[in-house]
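For reference, the structure is listed below as structure tokens.
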Amino acid sequence: MLQLDETIFLMLEGYGWLPGLRRRTSRPVVHTRLMGRRTAGLCGPEAARFFYDETHIERHTALPGLVKSTLVGQGAVHTLDGAAHRARKAMFMSLLTGEGVPGLVAHTTEAWDEAAGSWGRVVLFDEAAKVLTRGVCRWTGIPLDPAEVPDLAFDLVAMVDGFGSGGPRNWRARLARERREIWLADLVRRVRAGEVIATAGSALDVVVRHHYLDGEPLDPRVAAVELLNILRPTVAVCWYVTFAAHAMHRWPHLRAVLRAGDADYAEAFAQEVRRFYPFAPFVGGRAVKDLSWQGERIAAGSLVLLDVYGQNHDPGLWEQPYAFEPQRFVDRRIGAFDLIPQGGGDPDTGHRCPGEDITVALLRALAVRLARLDHDVPDQDLTISLRRIPARLASGFVLAAARPAVLESRASSLPG
């Protein structure tokens, strides 16, 4: 059957495209075309389980050049499958054990407290990006002069902001990636030459020493790509920090609860921000053979899309999915294929983002600091367009007369 190519409709409808297509067809698999390729769309926890089975779907041949040249980079862990993927993934996971995640959170909250003292009137999105850049560079052991922070933050944000579009945003992302890969590849060479000392066990040290399966050290450019795959997603948490501010402004009672510092509620709030607000519309892979899903045939070589936004707003999975309710995650065990804003499955072995724990931990800590930050919210455009991928708060969330959280924390600890 002749199928209409939906590429233009994806560009026009954004996050609503695949959920809308699924509603119109009312079938377990949506059959369509994107960029001329046969495409199948799936949704739901069992579909996620099916999608992340490597005997069904492979990722390395499915990522479009648009994503590899902006978001993840050539030769990145995201482009690998099988043993090569597991070995590279293990490198990332080793950084998250022990004090790995708490260490990153500590560096980042320290950077927040340093910055918040001089904010006054700021755009939260931009300031959060700079805070996260300082924190993650300290944690990874990448030497960075304070004067370099704004430019690096700008480039890391640009790589994320350009993955879902063509035109100026995409050009800006490509140029940013080229700049930063050259910079980090040179750093890798200097570490190997003994000109720069990498702290033992730091992310810089671990990536510089990592080898391919044949025993050869990573090419400096590939090592640079993987270092960026630590820096970039960490700085991308600025999207969620800004969404958290939007949620607290729209539903002020949430701010009061977060101010109290209850760890379980802060965790639930972070998870609800990730579920409710838009980031990745879907993830894609290629069918490695002829497949069947709920009686529907998926031909070998087809592009297979897992509807992330649709699943995170599925009324069959979430009660009142378009209501922002952190309480839904209090005392709720989250299945490996239920909440999938950063993919599904086992992060140790599969394609689920290894930085998911980092995202949650950072958002949990920064949301509490944000809740404790006294500030005004001047008139501004607080809309979030679902046609824009990745979606952003139009104004970036302007704060006025911001007073640092650290001052309030100290005051609350004084006797009397």
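By order in the structure tokens, chains are A, B, ...; within a chain, residues start at 1; ligands start at 1, following the order shown.
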Spatial neighbours of segment 242-257 of chain A, max dist 7 Å, only C-alpha atoms, sep filter under 6 positions, as a list in words: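 With the cut-off at 7 Å, the set is Leu124, Phe125, Val273, Tyr277, Ala367, Ala371, Gly396 and Phe397 of chain A.
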task: Could you give me, as an NGL selection string, the residues within 6 Å of segment 282-289 of chain A, counting only C-alpha atoms and dropping anything in the same chain fewer than 6 positions from it?
output: :A and (56-59 or 62 or 300-308)
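Between atom CA of Arg172 of chain A and atom CA of Arg274 of chain A lies a distance of 26.1 Å.
When the distance limit is 10 Å and only C-alpha atoms are what count, the residues near segment 328-335 of chain A, minus those fewer than 3 positions from it on the same chain, are Pro45, Asp264, Tyr265, Ala266, Glu267, Ala268, Phe269, Ala270, Gln271, Glu272, Trp318, Glu319, Phe324, Glu325, Asp338, Leu339, Ile340, Gly344 and Gly345 of chain A.
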message: Residues within 10 Å of Phe154 of chain A, please, as a list in words. Count only C-alpha atoms; anything in the same chain fewer than 6 positions from it doesn't count.
response: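 Here the qualifying residues turn out to be Asp126, Ala129, Lys130, Thr133, Ala173, Ala176 and Val235 of chain A.
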Mind dumping the selected residues with N, CA and C atoms as a compact mmCIF listing (two decimals), in the first residue's frame?
```txt
# COMPACT_ATOMS: atom_id res chain seq x y z
N ASP A 126 19.68 30.28 30.97
CA ASP A 126 21.09 30.59 30.69
C ASP A 126 21.96 30.40 31.93
N ALA A 129 22.46 26.73 32.78
CA ALA A 129 23.43 26.12 31.87
C ALA A 129 24.85 26.41 32.31
N LYS A 130 25.11 27.64 32.74
CA LYS A 130 26.46 27.99 33.19
C LYS A 130 26.82 27.29 34.50
N THR A 133 27.58 23.73 33.66
CA THR A 133 28.87 23.65 32.96
C THR A 133 30.02 23.69 33.95
N ALA A 173 24.55 24.26 15.96
CA ALA A 173 24.90 23.05 16.68
C ALA A 173 26.11 22.36 16.05
N ALA A 176 29.24 24.32 16.86
CA ALA A 176 29.59 24.14 18.27
C ALA A 176 30.25 22.79 18.49
N VAL A 235 24.64 19.35 31.04
CA VAL A 235 24.22 20.75 30.87
C VAL A 235 22.78 20.82 30.36
```
- request: Using DSSP on the backbone coordinates, identify all residues within segment 156-404 of chain A classified as helix (DSSP H, G or I); present the result as a PyMOL selection string.
  value: chain A and resi 156-161+167-192+203-209+220-235+237-250+252-259+263-276+308-312+326-329+356-371
field: Shortest interatomic distance to Gly41 of chain A - which of A:Arg372, A:Arg179, A:Arg392, A:Arg297, counting only C-alpha atoms
entry: A:Arg297
